[in-house]
$ cat entry.txt   # compact mmCIF, C-alpha atoms
# COMPACT_ATOMS: atom_id res chain seq x y z
CA MET Q 18 21.78 -22.94 12.12
CA LYS Q 19 19.92 -20.37 10.03
CA LYS Q 20 16.85 -18.18 10.40
CA GLU Q 21 14.88 -15.92 8.07
CA TYR Q 22 15.09 -12.19 8.77
CA ALA Q 23 12.91 -9.50 7.19
CA VAL Q 24 14.95 -7.30 4.87
CA GLU Q 25 14.27 -4.30 7.13
CA ASP Q 26 16.00 -6.13 10.01
CA LEU Q 27 19.28 -6.74 8.17
CA ARG Q 28 22.31 -5.23 9.89
CA ILE Q 29 25.98 -4.83 9.11
CA GLY Q 30 27.89 -7.91 10.27
CA MET Q 31 25.13 -10.46 9.68
CA LYS Q 32 26.18 -13.47 7.58
CA ILE Q 33 24.08 -14.64 4.63
CA ALA Q 34 23.18 -18.34 4.93
CA GLU Q 35 21.56 -18.79 1.50
CA PRO Q 36 22.17 -16.85 -1.73
CA VAL Q 37 19.86 -13.91 -2.41
CA LEU Q 38 18.34 -13.98 -5.91
CA ASP Q 39 16.76 -11.29 -8.05
CA GLU Q 40 13.45 -11.77 -9.90
CA ASN Q 41 15.30 -13.49 -12.78
CA GLY Q 42 17.00 -16.03 -10.50
CA THR Q 43 20.41 -14.37 -10.70
CA VAL Q 44 22.48 -14.37 -7.52
CA VAL Q 45 22.72 -10.87 -6.08
CA VAL Q 46 24.48 -11.71 -2.81
CA GLU Q 47 26.36 -14.97 -2.32
CA ALA Q 48 25.91 -17.31 0.65
CA GLY Q 49 28.60 -16.65 3.25
CA THR Q 50 28.67 -12.91 2.56
CA VAL Q 51 29.07 -10.77 5.68
CA LEU Q 52 26.74 -7.84 5.18
CA ASP Q 53 27.98 -4.30 4.74
CA ASP Q 54 26.19 -1.14 3.62
CA GLU Q 55 26.60 -1.96 -0.08
CA SER Q 56 25.29 -5.53 0.14
CA ILE Q 57 22.32 -4.51 2.30
CA PHE Q 58 21.41 -1.84 -0.23
CA SER Q 59 21.64 -4.39 -3.05
CA ILE Q 60 19.19 -6.66 -1.22
CA LEU Q 61 16.76 -3.82 -0.49
CA GLU Q 62 16.61 -3.09 -4.21
CA GLN Q 63 15.31 -6.59 -4.93
CA PRO Q 64 11.69 -7.85 -4.70
CA VAL Q 65 12.49 -10.08 -1.71
CA PHE Q 66 10.92 -10.02 1.73
CA GLY Q 67 13.22 -12.19 3.82
CA VAL Q 68 16.82 -13.39 3.85
CA MET Q 69 18.25 -16.49 5.51
CA ILE Q 70 20.88 -15.49 8.09
CA ASP Q 71 23.41 -17.51 10.06
CA VAL Q 72 21.90 -17.20 13.55
CA ASP Q 73 25.30 -17.53 15.18
CA VAL Q 74 25.72 -13.87 14.24
CA PRO Q 75 24.08 -11.85 17.04
CA LYS Q 76 20.97 -9.83 16.27
CA HIS Q 77 20.94 -6.30 17.64
CA ALA Q 78 18.13 -5.04 19.85
CA PRO Q 79 15.63 -2.93 17.91
CA VAL Q 80 16.93 0.54 17.25
CA LYS Q 81 14.93 3.24 15.51
CA ASP Q 82 16.62 3.97 12.20
CA GLU Q 83 17.44 7.66 11.83
CA HIS Q 84 17.56 7.22 8.06
CA ILE Q 85 14.37 5.18 7.64
CA LEU Q 86 12.88 7.85 5.37
CA ASP Q 87 14.68 7.75 2.05
CA ASP Q 88 15.14 11.22 0.54
CA SER Q 89 14.99 9.95 -3.02
CA TYR Q 90 11.75 8.08 -2.28
CA LEU Q 91 10.22 11.18 -0.73
CA ALA Q 92 11.24 13.22 -3.78
CA ASP Q 93 9.57 10.75 -6.15
CA TYR Q 94 6.46 10.70 -3.96
CA LYS Q 95 6.23 14.51 -3.86
CA HIS Q 96 6.67 14.66 -7.63
CA VAL Q 97 3.82 12.21 -8.30
CA TYR Q 98 1.61 13.86 -5.63
CA ASP Q 99 2.16 17.33 -7.13
CA GLU Q 100 1.62 16.15 -10.72
CA LEU Q 101 -1.57 14.33 -9.76
CA GLY Q 102 -2.79 17.45 -7.96
CA LYS Q 103 -2.45 19.42 -11.19
CA VAL Q 104 -4.36 16.73 -13.11
CA PHE Q 105 -7.17 16.85 -10.51
CA GLU Q 106 -7.20 20.65 -10.56
CA LYS Q 107 -7.77 20.75 -14.31
CA ALA Q 108 -10.30 17.94 -14.11
CA HIS Q 109 -12.35 20.02 -11.68
CA ASN Q 110 -12.87 22.46 -14.56
CA LYS Q 111 -13.62 19.55 -16.95
CA GLU Q 112 -10.23 20.00 -18.63
CA PHE Q 113 -7.86 17.19 -19.53
CA ASP Q 114 -4.21 17.56 -18.56
CA VAL Q 115 -3.29 15.35 -21.48
CA GLU Q 116 0.48 15.68 -21.21
CA ARG Q 117 0.65 14.88 -17.50
CA ILE Q 118 -1.65 11.89 -17.85
CA ARG Q 119 0.45 10.55 -20.72
CA ARG Q 120 3.67 11.13 -18.78
CA PHE Q 121 2.44 8.79 -16.03
CA PHE Q 122 2.96 5.98 -18.57
CA ASP Q 123 6.57 6.93 -19.27
CA GLU Q 124 8.26 8.75 -16.41
CA PRO Q 125 10.22 6.74 -13.82
CA HIS Q 126 8.95 8.47 -10.66
CA LEU Q 127 5.74 6.46 -10.38
CA ILE Q 128 7.24 3.04 -11.00
CA ARG Q 129 10.11 3.69 -8.57
CA LEU Q 130 7.61 4.19 -5.76
CA SER Q 131 6.70 0.49 -5.85
CA LYS Q 132 10.17 -0.91 -6.45
CA GLY Q 133 10.75 -3.34 -3.61
CA VAL Q 134 9.07 -4.14 -0.33
CA ARG Q 135 10.67 -1.15 1.40
CA ALA Q 136 7.97 0.98 -0.25
CA VAL Q 137 5.53 -0.08 2.47
CA THR Q 138 7.89 1.12 5.21
CA GLN Q 139 8.32 4.43 3.43
CA LEU Q 140 4.56 4.95 3.11
CA TYR Q 141 3.92 4.18 6.75
CA ASN Q 142 6.69 6.43 8.00
CA MET Q 143 5.86 9.56 6.03
CA GLU Q 144 3.29 12.14 7.09
CA ARG Q 145 0.12 12.69 5.03
CA SER Q 146 -0.02 16.47 5.14
CA GLY Q 147 -2.11 18.05 2.42
CA ASP Q 148 -5.01 16.64 0.40
CA TYR Q 149 -6.25 13.28 1.72
CA VAL Q 150 -7.72 12.17 -1.62
CA LEU Q 151 -4.42 12.81 -3.43
CA HIS Q 152 -2.41 10.93 -0.78
CA HIS Q 153 -4.89 8.06 -0.87
CA SER Q 154 -4.66 7.88 -4.66
CA VAL Q 155 -0.85 7.79 -4.65
CA HIS Q 156 -0.84 5.14 -1.90
CA VAL Q 157 -3.29 2.95 -3.82
CA ALA Q 158 -1.08 3.34 -6.91
CA VAL Q 159 1.99 2.23 -4.95
CA LEU Q 160 0.14 -0.77 -3.49
CA ALA Q 161 -1.09 -1.55 -7.02
CA GLY Q 162 2.50 -1.62 -8.25
CA LEU Q 163 3.43 -4.07 -5.49
CA MET Q 164 0.33 -6.16 -6.12
CA GLY Q 165 1.10 -6.30 -9.83
CA ARG Q 166 4.54 -7.65 -8.98
CA TRP Q 167 3.09 -10.23 -6.57
CA LEU Q 168 0.70 -11.34 -9.33
CA ASP Q 169 3.54 -11.58 -11.89
CA PHE Q 170 2.00 -8.97 -14.17
CA SER Q 171 4.14 -7.75 -17.05
CA PRO Q 172 5.78 -4.33 -16.47
CA GLU Q 173 3.31 -2.75 -18.91
CA ARG Q 174 0.25 -4.21 -17.20
CA ARG Q 175 1.60 -3.35 -13.77
CA ARG Q 176 2.02 0.26 -14.92
CA ARG Q 177 -1.59 0.35 -16.14
CA LEU Q 178 -2.79 -1.00 -12.80
CA MET Q 179 -0.84 1.74 -11.01
CA ILE Q 180 -2.40 4.43 -13.21
CA ALA Q 181 -5.86 3.00 -12.51
CA GLY Q 182 -5.05 3.30 -8.79
CA LEU Q 183 -3.72 6.81 -9.26
CA LEU Q 184 -6.93 7.99 -10.96
CA LEU Q 185 -9.55 5.83 -9.20
CA ASP Q 186 -10.92 8.80 -7.21
CA ILE Q 187 -10.66 11.55 -9.83
CA GLY Q 188 -14.45 11.72 -9.85
CA LYS Q 189 -14.37 13.09 -6.30
CA VAL Q 190 -13.27 16.49 -7.65
CA TRP Q 191 -16.97 17.04 -8.52
CA ILE Q 192 -18.32 15.90 -5.15
CA PRO Q 193 -19.14 18.92 -2.93
CA SER Q 194 -16.40 19.62 -0.34
CA PRO Q 195 -18.83 19.54 2.62
CA ILE Q 196 -19.52 15.88 1.77
CA ILE Q 197 -15.87 14.95 1.14
CA GLN Q 198 -14.74 16.65 4.36
CA LYS Q 199 -17.71 15.79 6.59
CA PRO Q 200 -16.38 14.52 9.95
CA GLY Q 201 -19.46 12.46 10.76
CA ARG Q 202 -21.48 9.74 9.07
CA LEU Q 203 -22.96 10.66 5.69
CA THR Q 204 -26.72 10.81 5.36
CA HIS Q 205 -28.41 8.50 2.86
CA ALA Q 206 -28.73 11.39 0.39
CA GLU Q 207 -25.09 12.43 0.86
CA PHE Q 208 -23.89 8.87 0.38
CA ASN Q 209 -25.86 8.60 -2.86
CA ILE Q 210 -24.03 11.69 -4.10
CA MET Q 211 -20.66 10.26 -2.99
CA LYS Q 212 -21.37 7.01 -4.83
CA ARG Q 213 -21.45 8.91 -8.13
CA HIS Q 214 -17.69 9.56 -8.09
CA SER Q 215 -16.63 6.34 -9.79
CA GLN Q 216 -19.14 6.76 -12.63
CA MET Q 217 -18.22 10.44 -13.10
CA GLY Q 218 -14.51 9.67 -13.12
CA TYR Q 219 -15.03 6.93 -15.70
CA GLU Q 220 -17.15 9.12 -17.97
CA PHE Q 221 -14.66 11.98 -17.79
CA LEU Q 222 -11.60 9.84 -18.55
CA LYS Q 223 -13.46 7.96 -21.29
CA GLN Q 224 -13.52 11.20 -23.29
CA GLY Q 225 -9.80 11.89 -22.95
CA PRO Q 226 -6.39 10.29 -23.55
CA LEU Q 227 -7.41 7.06 -21.79
CA SER Q 228 -10.40 6.43 -24.06
CA ASP Q 229 -8.88 3.20 -25.40
CA GLU Q 230 -7.61 1.95 -22.03
CA ASP Q 231 -10.57 -0.27 -21.13
CA GLU Q 232 -8.71 -2.13 -18.39
CA ILE Q 233 -7.86 1.13 -16.61
CA LEU Q 234 -11.31 2.62 -17.16
CA ASN Q 235 -13.19 -0.45 -15.92
CA GLY Q 236 -10.94 -0.63 -12.87
CA ILE Q 237 -11.91 2.96 -12.01
CA LEU Q 238 -15.61 2.49 -12.78
CA GLN Q 239 -15.99 -0.79 -10.87
CA HIS Q 240 -13.66 -0.46 -7.86
CA HIS Q 241 -16.65 -0.21 -5.51
CA GLU Q 242 -18.42 -3.24 -6.98
CA ARG Q 243 -18.62 -6.30 -4.72
CA GLY Q 244 -18.75 -9.98 -5.58
CA ASP Q 245 -22.19 -10.48 -4.03
CA GLY Q 246 -23.76 -7.66 -6.07
CA THR Q 247 -24.05 -5.19 -3.18
CA GLY Q 248 -21.55 -2.70 -4.61
CA TYR Q 249 -21.98 0.29 -6.91
CA PRO Q 250 -22.53 1.89 -9.40
CA LEU Q 251 -23.75 -1.10 -11.45
CA GLY Q 252 -24.40 -3.80 -8.83
CA LEU Q 253 -22.15 -6.28 -10.62
CA ILE Q 254 -21.37 -9.73 -9.22
CA ALA Q 255 -17.93 -11.33 -9.18
CA ASP Q 256 -17.98 -12.86 -12.67
CA GLN Q 257 -19.03 -9.54 -14.19
CA THR Q 258 -16.34 -7.45 -12.50
CA ALA Q 259 -13.00 -6.60 -14.12
CA GLU Q 260 -9.81 -7.97 -12.53
CA PHE Q 261 -8.35 -4.49 -12.04
CA ALA Q 262 -11.50 -3.49 -10.16
CA LYS Q 263 -11.29 -6.53 -7.87
CA ILE Q 264 -7.68 -5.66 -7.05
CA LEU Q 265 -8.35 -1.95 -6.52
CA ALA Q 266 -11.31 -2.75 -4.25
CA ILE Q 267 -8.95 -4.48 -1.81
CA LEU Q 268 -6.26 -1.81 -2.00
CA ASP Q 269 -8.81 1.00 -1.62
CA ILE Q 270 -10.27 -0.56 1.54
CA TYR Q 271 -6.87 -1.26 3.02
CA ASP Q 272 -5.39 2.19 2.54
CA ALA Q 273 -8.56 4.05 3.53
CA MET Q 274 -8.89 2.19 6.82
CA SER Q 275 -5.15 2.41 7.54
CA ALA Q 276 -5.13 6.22 7.30
CA ASP Q 277 -6.49 9.02 9.44
CA ARG Q 278 -9.62 10.43 7.80
CA VAL Q 279 -11.86 13.33 8.77
CA TYR Q 280 -14.48 10.87 10.03
CA ALA Q 281 -12.33 8.03 11.43
CA ARG Q 282 -9.00 7.37 13.11
CA ARG Q 283 -6.60 5.04 11.35
CA ARG Q 284 -6.65 1.38 12.28
CA SER Q 285 -3.96 -1.27 12.66
CA PRO Q 286 -3.23 -3.19 9.42
CA PHE Q 287 -4.15 -6.38 11.26
CA ASP Q 288 -7.59 -4.97 12.09
CA VAL Q 289 -8.00 -4.12 8.40
CA PHE Q 290 -6.85 -7.61 7.39
CA GLN Q 291 -9.69 -8.97 9.51
CA VAL Q 292 -12.19 -6.73 7.71
CA ILE Q 293 -10.85 -7.88 4.35
CA SER Q 294 -10.96 -11.52 5.51
CA ASP Q 295 -14.60 -11.13 6.58
CA ASP Q 296 -15.44 -9.64 3.17
CA ILE Q 297 -13.68 -12.56 1.48
CA LEU Q 298 -15.72 -15.07 3.50
CA SER Q 299 -18.95 -13.24 2.65
CA GLY Q 300 -18.11 -13.27 -1.06
CA ARG Q 301 -17.74 -9.50 -1.33
CA LEU Q 302 -14.02 -9.59 -2.17
CA ASP Q 303 -12.05 -12.00 -4.34
CA THR Q 304 -10.53 -14.87 -2.33
CA PHE Q 305 -7.37 -15.42 -4.35
CA LEU Q 306 -6.54 -11.71 -4.63
CA GLY Q 307 -7.38 -10.97 -0.99
CA VAL Q 308 -5.25 -13.79 0.40
CA LYS Q 309 -2.39 -12.89 -1.96
CA PHE Q 310 -2.48 -9.28 -0.77
CA ILE Q 311 -2.63 -10.07 2.95
CA ARG Q 312 0.17 -12.64 2.87
CA ASN Q 313 2.54 -10.50 0.87
CA LEU Q 314 1.83 -7.30 2.76
CA CYS Q 315 2.46 -9.12 6.04
CA HIS Q 316 6.02 -9.68 4.85
CA ALA Q 317 6.34 -6.00 4.05
CA LEU Q 318 5.21 -4.97 7.54
CA ASN Q 319 8.19 -6.67 9.18
CA GLY Q 320 10.52 -4.09 10.65
CA ASN Q 321 7.89 -1.38 11.07
CA TRP Q 322 7.22 0.31 14.41
CA VAL Q 323 3.84 0.23 16.13
CA LYS Q 324 2.17 1.53 19.25
CA LEU Q 325 0.56 -1.10 21.46
CA ASN Q 326 -2.69 -0.63 23.35
CA ASN Q 327 -0.69 -0.11 26.57
CA GLY Q 328 1.21 2.80 25.04
CA GLU Q 329 4.46 0.91 24.46
CA GLU Q 330 6.29 1.23 21.16
CA ALA Q 331 7.50 -1.99 19.54
CA LYS Q 332 8.92 -3.32 16.30
CA ILE Q 333 7.29 -6.08 14.24
CA VAL Q 334 9.87 -8.87 13.98
CA TYR Q 335 7.91 -11.90 12.74
CA ILE Q 336 4.55 -12.76 11.17
CA ASP Q 337 3.47 -16.33 10.42
CA GLU Q 338 2.39 -16.24 6.77
CA SER Q 339 0.70 -19.65 6.89
CA ARG Q 340 -2.49 -18.12 8.34
CA ILE Q 341 -3.95 -14.86 7.07
CA SER Q 342 -5.35 -14.22 10.55
CA SER Q 343 -1.90 -14.39 12.17
CA LEU Q 344 -0.83 -11.55 14.43
CA PRO Q 345 2.83 -10.53 14.67
CA VAL Q 346 5.55 -11.09 17.19
CA VAL Q 347 6.89 -7.72 18.30
CA GLU Q 348 9.97 -6.62 20.18
CA THR Q 349 9.67 -3.72 22.60
CA GLU Q 350 12.28 -1.03 23.09
CA GLY Q 351 13.30 -2.85 26.23
CA GLY Q 352 14.10 -6.01 24.26
CA ASP Q 353 11.05 -8.04 25.32
CA PHE Q 354 9.37 -10.25 22.72
CA ILE Q 355 5.57 -10.40 22.71
CA ASP Q 356 3.61 -12.89 20.62
CA LEU Q 357 0.31 -11.10 20.05
CA ASN Q 358 -1.31 -14.41 19.03
CA THR Q 359 -0.94 -15.77 22.56
CA ASP Q 360 -0.82 -12.63 24.70
CA ARG Q 361 -4.27 -11.24 23.96
CA SER Q 362 -3.97 -8.61 26.68
CA LYS Q 363 -1.86 -6.61 24.23
CA SER Q 364 -2.66 -5.56 20.69
CA ILE Q 365 -1.42 -3.15 18.05
CA ASP Q 366 -3.16 0.20 18.29
CA ILE Q 367 -1.63 1.95 15.26
CA MET Q 368 1.37 1.90 12.97
CA LEU Q 369 3.69 4.77 13.77
CA THR Q 370 5.00 7.36 11.34
CA TYR Q 371 8.66 8.30 11.68
CA LYS Q 372 7.78 11.54 13.48
CA GLU Q 373 5.52 9.72 15.94
CA GLN Q 374 8.20 7.28 17.04
CA GLY Q 375 9.33 8.27 20.51
CA SER Q 376 6.94 11.22 20.70
$ encode --input "entry.txt" --output "structure tokens"
Amino acid sequence: MKKEYAVEDLRIGMKIAEPVLDENGTVVVEAGTVLDDESIFSILEQPVFGVMIDVDVPKHAPVKDEHILDDSYLADYKHVYDELGKVFEKAHNKEFDVERIRRFFDEPHLIRLSKGVRAVTQLYNMERSGDYVLHHSVHVAVLAGLMGRWLDFSPERRRRLMIAGLLLDIGKVWIPSPIIQKPGRLTHAEFNIMKRHSQMGYEFLKQGPLSDEDEILNGILQHHERGDGTGYPLGLIADQTAEFAKILAILDIYDAMSADRVYARRRSPFDVFQVISDDILSGRLDTFLGVKFIRNLCHALNGNWVKLNNGEEAKIVYIDESRISSLPVVETEGGDFIDLNTDRSKSIDIMLTYKEQGS
């Protein structure tokens, strides 16, 4: 008998029931292989979410992984975060950091951040100390890299989508800090000022090294447009909105609501999926792109630790991908399995960072 396990749940000693293939269809790990450190690492490097395992091999109770944060991933993240910070700093003075912007197209640090589903685990487990807008921009870029892979974009187009995500909020460098950092609800006048950031970012970048990159520029300009015409700055409807913008709209909403902000506490991914689903049904977000994102990200959430509404910590072990409204099955530290679809007395409060686990 065999069962699919999320790649984050693979353990030494498990036996592969079906061959693991890379994106070109080449066998990476043969069926019958008993997993060791090397074979697990090989699988984690591939764009796969689950692996069929011989269920006769016992599954260990959930144990918090002391090495869940990958040092090389953190180094790449810090590099991109720091480089983006310097681009934003110069932009504040209306200066183009031409070399750094161009390097985003060539250097490996950015693309490595979205190599494989484990990127989602890394993002959720690291702390967001520092500038929220910079962290949000890097997170959207990483999600854009994953989304580009899920949509079968070419490597070049996926890179352009990531750069659009990286620079989507560059216009916020000219929004007054009291508005950016306001802990409460913005007034109508303040929100009108905030809404200018996408137009200002577009106009600034249009004059610099990205002047010929229409796909990137339109993604930045239009990422707050909505399919029903209620978005900004142009009030475009679905058929008038660029594909990059439709993608970035979903990623922007997801990451913003999944993070702690000055005016709101972070929410469970499954709460955010419901918001995205509602926006899909109302015609505000693209149906195909929204469903594609939710289903694929659900896979990536397997293996992550959460805090339940009763204070317990648990690990996500299974999510039914057939319904975008599905809630996960979790396993508590005591080894109890809870299906949150049927036990509605319990729910996921938040995803836990590595430092929060056990605190």
$ closest_atom_pairs --input "entry.txt" --of "region 110-144 of chain Q" --to "region 255-274 of chain Q" --cutoff "12 Å" --atoms "all atoms listed in the file" --output "JSON lines"
{"residue": "Q:Val137", "atom": "CA", "partner": "Q:Asp272", "partner_atom": "CA", "distance": 11.2}
{"residue": "Q:Leu140", "atom": "CA", "partner": "Q:Asp272", "partner_atom": "CA", "distance": 10.3}
{"residue": "Q:Tyr141", "atom": "CA", "partner": "Q:Asp272", "partner_atom": "CA", "distance": 10.4}
$ closest_residue --input "entry.txt" --among "Q:Leu151, Q:Val190, Q:Leu222, Q:Ala158" --to "Phe113 (chain Q)" --atoms "all atoms listed in the file"
Q:Leu222
$ atom_distance --input "entry.txt" --atom1 "CA of Ala136 (chain Q)" --atom2 "CA of Val44 (chain Q)"
22.3 Å
$ atom_distance --input "entry.txt" --atom1 "CA of Glu242 (chain Q)" --atom2 "CA of His316 (chain Q)"
27.9 Å
$ atom_distance --input "entry.txt" --atom1 "CA of Ala92 (chain Q)" --atom2 "CA of Gly147 (chain Q)"
15.5 Å
$ residues_near_point --input "entry.txt" --point "(6.5, 1.1, 17.4)" --cutoff "7 Å" --atoms "only C-alpha atoms" --output "PDB file with C-alpha atoms, in the frame of the given file"
ATOM      1  CA  ASN Q 321       7.890  -1.380  11.070  1.00  0.00           C
ATOM      2  CA  TRP Q 322       7.220   0.310  14.410  1.00  0.00           C
ATOM      3  CA  VAL Q 323       3.840   0.230  16.130  1.00  0.00           C
ATOM      4  CA  LYS Q 324       2.170   1.530  19.250  1.00  0.00           C
ATOM      5  CA  GLU Q 330       6.290   1.230  21.160  1.00  0.00           C
ATOM      6  CA  ALA Q 331       7.500  -1.990  19.540  1.00  0.00           C
ATOM      7  CA  LYS Q 332       8.920  -3.320  16.300  1.00  0.00           C
ATOM      8  CA  MET Q 368       1.370   1.900  12.970  1.00  0.00           C
ATOM      9  CA  LEU Q 369       3.690   4.770  13.770  1.00  0.00           C
ATOM     10  CA  GLN Q 374       8.200   7.280  17.040  1.00  0.00           C
TER      11      GLN Q 374
END
$ residues_near_point --input "entry.txt" --point "(-14.6, 9.7, -8.5)" --cutoff "6 Å" --atoms "only C-alpha atoms" --output "mmCIF file with C-alpha atoms, keeping the file's coordinate frame"
data_model
loop_
_atom_site.group_PDB
_atom_site.id
_atom_site.type_symbol
_atom_site.label_atom_id
_atom_site.label_comp_id
_atom_site.auth_asym_id
_atom_site.auth_seq_id
_atom_site.Cartn_x
_atom_site.Cartn_y
_atom_site.Cartn_z
ATOM 1 C CA ASP Q 186 -10.920 8.800 -7.210
ATOM 2 C CA ILE Q 187 -10.660 11.550 -9.830
ATOM 3 C CA GLY Q 188 -14.450 11.720 -9.850
ATOM 4 C CA LYS Q 189 -14.370 13.090 -6.300
ATOM 5 C CA HIS Q 214 -17.690 9.560 -8.090
ATOM 6 C CA SER Q 215 -16.630 6.340 -9.790
ATOM 7 C CA MET Q 217 -18.220 10.440 -13.100
ATOM 8 C CA GLY Q 218 -14.510 9.670 -13.120
#
$ residues_around --input "entry.txt" --residues "region 170-172 of chain Q" --least-positions-apart "6" --cutoff "12 Å" --atoms "all atoms listed in the file" --output "JSON, numbers by chain"
{"Q": [122, 123, 128, 131, 132, 161, 162, 163, 164, 178, 179, 260, 261]}
$ residues_around --input "entry.txt" --residues "Phe305 (chain Q)" --least-positions-apart "2" --cutoff "12 Å" --atoms "only C-alpha atoms" --output "NGL selection string"
:Q and (167-168 or 260 or 263-264 or 267 or 294 or 297-298 or 300 or 302-303 or 307-312 or 341)
$ closest_residue --input "entry.txt" --among "Q:Asn209, Q:Asn313, Q:Ser275, Q:Asn235" --to "His153 (chain Q)" --atoms "all atoms listed in the file"
Q:Ser275
$ closest_residue --input "entry.txt" --among "Q:Gly42, Q:Gly49, Q:Pro250, Q:Pro200" --to "Gln63 (chain Q)" --atoms "all atoms listed in the file"
Q:Gly42
